[in-house]
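Structure file start_14.csv; described as CSV, C-alpha atoms.
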```
chain,number,residue,atom,x,y,z
T,1,MET,CA,87.5,210.8,5.0
T,2,ARG,CA,90.2,208.7,6.5
T,3,VAL,CA,89.1,205.4,7.9
T,4,LEU,CA,91.1,202.9,10.1
T,5,GLY,CA,89.7,199.5,9.5
T,6,VAL,CA,90.3,196.9,12.2
T,7,ASP,CA,89.9,193.2,11.8
T,8,PRO,CA,90.1,192.2,15.4
T,9,GLY,CA,91.9,189.2,16.7
T,10,LEU,CA,94.1,188.3,19.7
T,11,THR,CA,96.8,186.6,17.6
T,12,ARG,CA,96.6,188.8,14.5
T,13,CYS,CA,94.7,192.1,14.6
T,14,GLY,CA,94.6,193.4,11.0
T,15,VAL,CA,94.8,197.2,10.5
T,16,GLY,CA,94.3,199.2,7.3
T,17,VAL,CA,94.0,202.9,6.7
T,18,VAL,CA,92.2,204.2,3.6
T,19,ASP,CA,91.5,207.7,2.4
T,20,GLY,CA,88.4,208.3,0.2
T,21,ALA,CA,84.9,209.4,-0.4
T,22,PRO,CA,82.0,207.9,-2.2
T,23,GLY,CA,82.5,208.2,-6.0
T,24,ARG,CA,86.1,209.2,-5.7
T,25,PRO,CA,89.3,207.1,-6.0
T,26,LEU,CA,90.5,205.4,-2.9
T,27,ARG,CA,94.0,205.6,-1.5
T,28,MET,CA,95.7,203.2,0.8
T,29,ILE,CA,97.7,205.0,3.5
T,30,GLY,CA,98.9,202.0,5.5
T,31,VAL,CA,98.4,198.3,6.2
T,32,GLY,CA,99.7,196.0,8.8
T,33,VAL,CA,99.0,193.5,11.5
T,34,VAL,CA,99.4,193.9,15.3
T,35,ARG,CA,100.4,190.4,16.4
T,36,THR,CA,100.7,189.1,20.0
T,37,PRO,CA,102.4,185.9,21.0
T,38,ALA,CA,100.0,183.0,21.7
T,39,GLU,CA,102.1,181.9,24.7
T,40,GLU,CA,101.6,185.2,26.5
T,41,GLU,CA,98.8,185.7,29.0
T,42,VAL,CA,95.6,187.4,27.7
T,43,PRO,CA,95.9,190.6,29.8
T,44,ARG,CA,99.4,191.3,28.4
T,45,ARG,CA,98.2,190.5,24.9
T,46,LEU,CA,95.4,193.0,25.2
T,47,LEU,CA,97.9,195.5,26.4
T,48,ALA,CA,100.1,194.9,23.4
T,49,ILE,CA,97.1,195.3,21.1
T,50,GLU,CA,96.3,198.6,22.8
T,51,ASP,CA,99.8,199.7,22.3
T,52,GLY,CA,99.9,198.8,18.7
T,53,LEU,CA,96.5,200.4,17.9
T,54,GLU,CA,97.5,203.6,19.7
T,55,GLN,CA,100.5,203.8,17.5
T,56,TRP,CA,98.4,203.4,14.3
T,57,LEU,CA,96.0,206.1,15.6
T,58,ASP,CA,98.8,208.4,16.4
T,59,ALA,CA,100.5,207.8,13.0
T,60,HIS,CA,97.5,208.2,10.8
T,61,ARG,CA,94.9,210.2,12.7
T,62,PRO,CA,91.8,208.6,11.1
T,63,ASP,CA,88.4,210.4,11.2
T,64,ILE,CA,86.6,207.2,12.1
T,65,VAL,CA,87.3,203.6,13.1
T,66,ALA,CA,85.5,200.7,11.4
T,67,ILE,CA,85.6,197.4,13.2
T,68,GLU,CA,84.4,194.0,12.1
T,69,ARG,CA,81.3,193.0,14.0
T,70,VAL,CA,82.0,189.9,16.0
T,71,PHE,CA,79.6,187.0,15.9
T,72,ALA,CA,79.5,183.8,17.8
T,73,GLN,CA,81.2,181.1,15.7
T,74,HIS,CA,81.9,177.5,16.2
T,75,ASN,CA,85.1,178.0,18.1
T,76,VAL,CA,84.2,179.6,21.4
T,77,ARG,CA,87.8,180.3,22.3
T,78,THR,CA,88.4,182.3,19.1
T,79,VAL,CA,85.2,184.3,19.6
T,80,MET,CA,86.3,185.3,23.1
T,81,GLY,CA,89.7,186.5,21.8
T,82,THR,CA,88.0,188.4,18.9
T,83,ALA,CA,85.5,190.0,21.2
T,84,GLN,CA,88.3,191.0,23.6
T,85,ALA,CA,90.5,192.5,20.8
T,86,SER,CA,87.5,194.3,19.4
T,87,ALA,CA,86.8,195.8,22.9
T,88,VAL,CA,90.3,197.2,23.0
T,89,ALA,CA,89.9,198.7,19.5
T,90,MET,CA,86.6,200.3,20.5
T,91,LEU,CA,88.1,201.6,23.7
T,92,CYS,CA,91.1,203.2,21.9
T,93,ALA,CA,88.8,204.9,19.4
T,94,SER,CA,86.3,206.0,22.0
T,95,ARG,CA,89.0,207.4,24.3
T,96,ARG,CA,90.0,209.8,21.5
T,97,GLY,CA,86.4,210.8,20.8
T,98,LEU,CA,86.5,209.0,17.4
T,99,PRO,CA,83.3,207.5,16.1
T,100,VAL,CA,83.2,203.7,15.8
T,101,VAL,CA,81.2,201.8,13.3
T,102,LEU,CA,80.8,198.0,13.1
T,103,HIS,CA,80.3,196.2,9.8
T,104,THR,CA,79.5,192.5,9.5
T,105,PRO,CA,81.8,190.3,7.3
T,106,SER,CA,78.9,189.9,4.8
T,107,GLU,CA,78.5,193.6,4.5
T,108,VAL,CA,82.2,194.0,3.9
T,109,LYS,CA,82.3,191.3,1.2
T,110,ALA,CA,79.2,192.6,-0.5
T,111,ALA,CA,80.6,196.1,-0.5
T,112,VAL,CA,83.9,195.2,-2.2
T,113,THR,CA,82.9,192.2,-4.4
T,114,GLY,CA,79.2,192.6,-4.9
T,115,SER,CA,78.6,189.3,-3.1
T,116,GLY,CA,78.2,188.7,0.7
T,117,ARG,CA,79.5,185.2,0.2
T,118,ALA,CA,82.7,186.0,-1.6
T,119,ASP,CA,85.8,184.1,-0.5
T,120,LYS,CA,89.0,185.5,0.8
T,121,ALA,CA,90.8,185.4,-2.5
T,122,GLN,CA,88.0,187.4,-4.2
T,123,VAL,CA,88.1,190.0,-1.4
T,124,THR,CA,91.9,190.3,-1.7
T,125,ALA,CA,91.7,190.6,-5.5
T,126,MET,CA,89.1,193.4,-5.3
T,127,VAL,CA,91.0,195.3,-2.5
T,128,THR,CA,94.1,195.2,-4.7
T,129,ARG,CA,92.2,196.5,-7.7
T,130,LEU,CA,90.2,199.2,-5.8
T,131,LEU,CA,93.3,200.6,-4.1
T,132,ARG,CA,95.3,200.3,-7.4
T,133,LEU,CA,98.1,198.3,-5.7
T,134,ASP,CA,100.8,196.6,-7.7
T,135,ALA,CA,100.5,193.4,-5.7
T,136,PRO,CA,98.0,192.1,-3.1
T,137,PRO,CA,98.3,193.9,0.2
T,138,LYS,CA,100.8,192.3,2.6
T,139,PRO,CA,100.4,190.8,5.1
T,140,ALA,CA,97.5,188.9,3.6
T,141,ASP,CA,95.7,189.0,6.9
T,142,ALA,CA,95.3,192.7,6.7
T,143,ALA,CA,93.4,192.7,3.4
T,144,ASP,CA,90.2,192.3,5.4
T,145,ALA,CA,91.0,195.5,7.4
T,146,LEU,CA,91.4,197.4,4.1
T,147,ALA,CA,88.1,195.9,2.8
T,148,LEU,CA,86.5,197.0,6.0
T,149,ALA,CA,87.7,200.6,5.5
T,150,ILE,CA,86.6,200.6,1.9
T,151,CYS,CA,83.2,199.2,2.9
T,152,HIS,CA,82.8,202.0,5.3
T,153,ILE,CA,83.8,204.8,2.9
T,154,TRP,CA,81.1,203.5,0.5
T,155,ARG,CA,78.4,202.7,2.9
T,156,GLY,CA,79.0,204.9,5.8
T,157,THR,CA,78.1,208.5,5.1
T,158,ALA,CA,74.7,208.5,6.9
T,159,THR,CA,75.9,206.2,9.6
T,160,ASP,CA,79.0,208.4,10.2
T,161,LYS,CA,76.9,211.5,11.0
T,162,ILE,CA,75.0,209.5,13.6
T,163,ALA,CA,78.2,208.0,15.0
T,164,ALA,CA,80.0,211.3,15.1
T,165,ALA,CA,77.1,213.0,16.9
T,166,LEU,CA,77.1,210.2,19.4
T,167,ALA,CA,80.8,210.4,20.0
T,168,ARG,CA,80.5,214.1,20.5
T,169,THR,CA,77.6,214.0,23.1
T,170,THR,CA,78.7,214.6,26.6
T,171,THR,CA,76.2,212.4,28.4
T,172,THR,CA,77.1,211.5,31.9
T,173,THR,CA,78.8,208.1,31.6
T,174,ARG,CA,79.9,208.2,35.2
T,175,PRO,CA,77.8,205.4,36.8
T,176,LYS,CA,75.4,206.4,39.5
T,177,GLU,CA,76.1,203.6,41.8
T,178,TYR,CA,79.8,204.1,41.5
T,179,ARG,CA,81.5,204.6,44.9
T,180,PRO,CA,85.0,203.4,45.3
Z,1,MET,CA,97.0,190.6,50.2
Z,2,ARG,CA,94.4,193.0,48.8
Z,3,VAL,CA,92.3,191.6,45.9
Z,4,LEU,CA,90.0,193.5,43.6
Z,5,GLY,CA,87.3,191.1,42.4
Z,6,VAL,CA,85.6,192.0,39.1
Z,7,ASP,CA,82.4,190.3,38.0
Z,8,PRO,CA,82.4,191.6,34.4
Z,9,GLY,CA,79.4,192.9,32.6
Z,10,LEU,CA,78.5,195.7,30.2
Z,11,THR,CA,75.4,196.8,32.1
Z,12,ARG,CA,76.6,196.0,35.6
Z,13,CYS,CA,80.2,195.3,36.4
Z,14,GLY,CA,80.5,194.2,40.0
Z,15,VAL,CA,83.6,195.2,42.0
Z,16,GLY,CA,84.6,194.2,45.4
Z,17,VAL,CA,87.8,194.7,47.4
Z,18,VAL,CA,88.9,192.3,50.1
Z,19,ASP,CA,92.0,192.2,52.3
Z,20,GLY,CA,93.1,188.9,53.7
Z,21,ALA,CA,95.4,185.9,53.7
Z,22,PRO,CA,94.7,182.2,53.9
Z,23,GLY,CA,93.8,181.2,57.5
Z,24,ARG,CA,93.3,184.8,58.6
Z,25,PRO,CA,90.1,186.9,58.9
Z,26,LEU,CA,88.9,188.6,55.8
Z,27,ARG,CA,88.1,192.3,55.6
Z,28,MET,CA,85.8,194.0,53.1
Z,29,ILE,CA,87.4,197.2,51.9
Z,30,GLY,CA,84.8,198.3,49.4
Z,31,VAL,CA,82.0,197.0,47.2
Z,32,GLY,CA,80.1,198.5,44.3
Z,33,VAL,CA,78.8,198.3,40.7
Z,34,VAL,CA,80.0,200.2,37.7
Z,35,ARG,CA,76.9,200.6,35.6
Z,36,THR,CA,76.6,201.8,32.0
Z,37,PRO,CA,73.4,202.7,30.3
Z,38,ALA,CA,72.0,200.1,27.9
Z,39,GLU,CA,71.0,202.8,25.4
Z,40,GLU,CA,74.6,204.0,25.0
Z,41,GLU,CA,76.8,202.7,22.2
Z,42,VAL,CA,79.2,199.9,23.2
Z,43,PRO,CA,82.5,201.9,22.7
Z,44,ARG,CA,81.3,204.6,25.1
Z,45,ARG,CA,80.1,202.0,27.6
Z,46,LEU,CA,83.5,200.3,27.5
Z,47,LEU,CA,85.1,203.7,28.1
Z,48,ALA,CA,82.8,204.3,31.1
Z,49,ILE,CA,83.8,200.9,32.5
Z,50,GLU,CA,87.4,201.7,32.1
Z,51,ASP,CA,86.9,205.0,33.8
Z,52,GLY,CA,85.0,203.3,36.7
Z,53,LEU,CA,87.6,200.6,37.2
Z,54,GLU,CA,90.5,203.0,37.0
Z,55,GLN,CA,88.9,204.9,39.9
Z,56,TRP,CA,88.5,201.7,41.9
Z,57,LEU,CA,92.2,200.8,41.3
Z,58,ASP,CA,93.3,204.3,42.2
Z,59,ALA,CA,91.2,204.3,45.4
Z,60,HIS,CA,92.2,200.9,46.7
Z,61,ARG,CA,95.5,199.9,45.1
Z,62,PRO,CA,94.9,196.1,45.1
Z,63,ASP,CA,97.9,193.7,44.8
Z,64,ILE,CA,96.0,191.5,42.3
Z,65,VAL,CA,92.9,191.6,40.2
Z,66,ALA,CA,90.6,188.5,40.1
Z,67,ILE,CA,88.2,188.4,37.2
Z,68,GLU,CA,85.4,185.9,36.6
Z,69,ARG,CA,86.3,183.7,33.6
Z,70,VAL,CA,83.8,184.1,30.8
Z,71,PHE,CA,82.2,181.1,29.1
Z,72,ALA,CA,80.0,180.9,26.1
Z,73,GLN,CA,76.4,180.8,27.4
Z,74,HIS,CA,73.1,180.5,25.8
Z,75,ASN,CA,72.7,184.3,25.2
Z,76,VAL,CA,75.4,185.2,22.7
Z,77,ARG,CA,74.8,188.9,23.1
Z,78,THR,CA,75.4,188.7,26.8
Z,79,VAL,CA,78.6,186.7,26.4
Z,80,MET,CA,80.0,189.3,24.0
Z,81,GLY,CA,79.3,192.1,26.5
Z,82,THR,CA,80.8,190.1,29.3
Z,83,ALA,CA,83.9,189.3,27.2
Z,84,GLN,CA,84.3,192.9,26.3
Z,85,ALA,CA,83.9,194.2,29.9
Z,86,SER,CA,86.3,191.5,31.0
Z,87,ALA,CA,88.9,192.7,28.4
Z,88,VAL,CA,88.7,196.2,29.8
Z,89,ALA,CA,89.3,194.9,33.3
Z,90,MET,CA,92.3,192.9,32.1
Z,91,LEU,CA,93.7,195.9,30.3
Z,92,CYS,CA,93.4,198.2,33.3
Z,93,ALA,CA,95.1,195.8,35.5
Z,94,SER,CA,97.8,194.9,33.0
Z,95,ARG,CA,98.5,198.5,32.3
Z,96,ARG,CA,99.5,198.9,35.9
Z,97,GLY,CA,101.6,195.8,35.9
Z,98,LEU,CA,99.1,194.1,38.3
Z,99,PRO,CA,98.7,190.3,38.0
Z,100,VAL,CA,95.4,189.1,36.7
Z,101,VAL,CA,93.8,185.8,37.7
Z,102,LEU,CA,90.7,184.2,36.3
Z,103,HIS,CA,88.3,182.0,38.3
Z,104,THR,CA,85.3,180.1,37.0
Z,105,PRO,CA,81.9,180.6,38.6
Z,106,SER,CA,82.1,177.1,40.0
Z,107,GLU,CA,85.5,177.6,41.5
Z,108,VAL,CA,84.1,180.7,43.2
Z,109,LYS,CA,81.0,179.0,44.5
Z,110,ALA,CA,82.9,176.0,45.7
Z,111,ALA,CA,85.4,178.3,47.5
Z,112,VAL,CA,82.8,180.2,49.5
Z,113,THR,CA,80.0,177.7,50.0
Z,114,GLY,CA,81.7,174.3,49.6
Z,115,SER,CA,79.6,173.5,46.5
Z,116,GLY,CA,80.3,174.4,42.9
Z,117,ARG,CA,76.6,174.4,42.3
Z,118,ALA,CA,75.4,176.7,45.1
Z,119,ASP,CA,72.8,179.3,44.2
Z,120,LYS,CA,73.1,183.1,44.4
Z,121,ALA,CA,71.4,183.3,47.8
Z,122,GLN,CA,73.8,180.8,49.3
Z,123,VAL,CA,76.8,182.7,47.9
Z,124,THR,CA,75.5,186.0,49.2
Z,125,ALA,CA,74.8,184.5,52.7
Z,126,MET,CA,78.3,183.1,52.9
Z,127,VAL,CA,80.0,186.3,51.7
Z,128,THR,CA,78.0,188.2,54.4
Z,129,ARG,CA,79.2,185.7,57.0
Z,130,LEU,CA,82.8,185.4,55.9
Z,131,LEU,CA,83.2,189.2,55.8
Z,132,ARG,CA,81.3,189.6,59.1
Z,133,LEU,CA,78.9,192.2,57.5
Z,134,ASP,CA,75.8,193.3,59.4
Z,135,ALA,CA,73.7,192.9,56.3
Z,136,PRO,CA,74.1,191.3,52.8
Z,137,PRO,CA,76.5,193.4,50.7
Z,138,LYS,CA,74.7,196.0,48.6
Z,139,PRO,CA,74.2,196.3,45.7
Z,140,ALA,CA,73.4,192.6,45.5
Z,141,ASP,CA,75.1,192.3,42.1
Z,142,ALA,CA,78.4,192.9,43.7
Z,143,ALA,CA,78.3,190.0,46.1
Z,144,ASP,CA,79.8,187.9,43.3
Z,145,ALA,CA,82.7,190.2,43.0
Z,146,LEU,CA,83.4,189.9,46.7
Z,147,ALA,CA,83.1,186.1,46.5
Z,148,LEU,CA,85.6,186.2,43.6
Z,149,ALA,CA,88.1,188.1,45.8
Z,150,ILE,CA,87.6,185.7,48.7
Z,151,CYS,CA,88.0,182.7,46.4
Z,152,HIS,CA,91.2,184.2,45.2
Z,153,ILE,CA,92.6,184.9,48.7
Z,154,TRP,CA,92.0,181.3,49.6
Z,155,ARG,CA,93.0,179.5,46.4
Z,156,GLY,CA,95.5,181.8,44.9
Z,157,THR,CA,98.8,181.7,46.7
Z,158,ALA,CA,100.6,179.5,44.3
Z,159,THR,CA,98.9,181.0,41.2
Z,160,ASP,CA,99.7,184.5,42.5
Z,161,LYS,CA,103.4,183.8,42.4
Z,162,ILE,CA,103.2,182.7,38.8
Z,163,ALA,CA,100.9,185.5,37.8
Z,164,ALA,CA,103.1,188.1,39.5
Z,165,ALA,CA,106.2,186.7,37.8
Z,166,LEU,CA,104.5,186.9,34.4
Z,167,ALA,CA,103.3,190.4,35.0
Z,168,ARG,CA,106.9,191.4,35.9
Z,169,THR,CA,108.6,189.8,32.9
Z,170,THR,CA,109.6,192.3,30.2
Z,171,THR,CA,109.2,190.1,27.2
Z,172,THR,CA,108.9,192.0,23.9
Z,173,THR,CA,105.2,192.5,23.3
Z,174,ARG,CA,105.7,194.9,20.5
Z,175,PRO,CA,104.5,192.9,17.5
Z,176,LYS,CA,107.1,192.1,14.9
Z,177,GLU,CA,105.1,192.9,11.8
Z,178,TYR,CA,103.9,196.2,13.3
Z,179,ARG,CA,104.6,199.1,11.0
Z,180,PRO,CA,102.2,202.0,11.2
```

Using structure tokens, write down the structure that the file contains.
Amino acid sequence: MRVLGVDPGLTRCGVGVVDGAPGRPLRMIGVGVVRTPAEEEVPRRLLAIEDGLEQWLDAHRPDIVAIERVFAQHNVRTVMGTAQASAVAMLCASRRGLPVVLHTPSEVKAAVTGSGRADKAQVTAMVTRLLRLDAPPKPADAADALALAICHIWRGTATDKIAAALARTTTTTRPKEYRP
Amino acid sequence: MRVLGVDPGLTRCGVGVVDGAPGRPLRMIGVGVVRTPAEEEVPRRLLAIEDGLEQWLDAHRPDIVAIERVFAQHNVRTVMGTAQASAVAMLCASRRGLPVVLHTPSEVKAAVTGSGRADKAQVTAMVTRLLRLDAPPKPADAADALALAICHIWRGTATDKIAAALARTTTTTRPKEYRP
């Protein structure tokens, strides 16, 4: 199973691709960050994120996309950006018929470190170890995206079947009241 | 100037197209709601919204897209859906090189009723009057989208020039650290 992990953000959108299956060694396929300039208008930043994610999807053809679940935090402005970047990631995956799964930050931390309250350094250390990397993944921002992909490989088998079935169903999504 | 107003929402995304210019009569070109079923997964709902908005853009070729600015409200779940739907609207417009402008609910209310604290009935009544409709616009949800378009026609001339210039600029949006 190949998973694209996405740590959504308007300024930095972490992406990491991992191959693996429960009980078997994991392999990092790619890691990076799609950045957009803060001085740019939001619509154009979303377009740049879409463009970047499309290229990752084209290059690595994941079976599934795991995205960090967005919660309301203290900083409303950040939450909005995160929600918007995450919407773009969902849209890109959904457009290709790929299943999308969401994991909370605690689920991800618990999966890779054993504790839902682990700090960033601990997550990075475990990601480096689990993927047998010579050095911590760079850019550092993207370690979370790899952790998300790993979390999904270990947790996600049952969820995957449901998500894949949902992605396959051809329900009428055309809205009834739609009349341009 | 032809404006597509979008009142973003995951369950109901109001859309309204208005032709007009400051100091000249307004004309309603179309009104509707793009709906997505609540039981569907969010990624597929965003895809349905994209599909619906693309059809509105194709059918009416607006010069500009005016979207309601999303604020954090009491209900976090609603805000997330609104932020996500609004991201899809921004993306669709931006992909076509259309300028996007955001107006707050108070700006919209103040523009069409004279008071930033007007209620929904008052907004609907004024939209009906200003567009010289025989009856309030249906579906009722979409009156806000029309109000948004009207607000933009009346307020937006200076803003438009800036937004259009920004949409035209060909700055490098390809992120530097991007390496799939």

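Comparing the minimum interatomic distances between chain T and each of Z:Ile49, Z:Leu98, Z:Leu148, Z:Met90, counting all atoms listed in the file, we find that Z:Met90 sits nearest.
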
Between T:Leu57, T:Ala87, T:Ile64, T:Ile29, which has the minimum distance to chain Z (counting all atoms listed in the file)? T:Ala87

Test item: residues at most 9 Å from T:Pro25, all atoms listed in the file, excluding those fewer than 3 positions along its chain, as a PDB file with C-alpha atoms, in the coordinates of the input:
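around_30.pdb, written as the output of this step:
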```pdb
ATOM      1  CA  ASP T  19      91.500 207.700   2.400  1.00  0.00           C
ATOM      2  CA  GLY T  20      88.400 208.300   0.200  1.00  0.00           C
ATOM      3  CA  ALA T  21      84.900 209.400  -0.400  1.00  0.00           C
ATOM      4  CA  PRO T  22      82.000 207.900  -2.200  1.00  0.00           C
ATOM      5  CA  LEU T 130      90.200 199.200  -5.800  1.00  0.00           C
ATOM      6  CA  LEU T 131      93.300 200.600  -4.100  1.00  0.00           C
TER       7      LEU T 131
END
```

Quick one: distance from atom CA of T:Ala89 to atom CA of Z:Ala66 in Å, one decimal? 23.0 Å

Contact residues around Z:Cys13 with only C-alpha atoms at 8 Å, ignoring same-chain residues under 3 positions, as a compact mmCIF listing (two decimals) with C-alpha atoms, in the coordinates of the input:
```
# COMPACT_ATOMS: atom_id res chain seq x y z
CA VAL Z 6 85.60 192.00 39.10
CA ASP Z 7 82.40 190.30 38.00
CA PRO Z 8 82.40 191.60 34.40
CA GLY Z 9 79.40 192.90 32.60
CA LEU Z 10 78.50 195.70 30.20
CA VAL Z 33 78.80 198.30 40.70
CA VAL Z 34 80.00 200.20 37.70
CA ARG Z 35 76.90 200.60 35.60
CA ILE Z 49 83.80 200.90 32.50
CA ALA Z 85 83.90 194.20 29.90
CA ALA Z 142 78.40 192.90 43.70
```

Would you compute the distance between atom CA of Z:Ala143 and atom CA of Z:Met28? Give it in Å to one decimal. 11.0 Å

Using Å and a single decimal, report how far atom CA of Z:Trp56 sits from atom CA of Z:Ile153. 18.6 Å

I'd like the contact shell of T:Ala118 - 10 Å cut-off, all atoms listed in the file, skipping same-chain residues fewer than 4 positions apart - returned as a list in words. Pro105, Ser106, Val108, Lys109, Ala110, Val112, Thr113, Gly114, Gln122 and Val123 of chain T
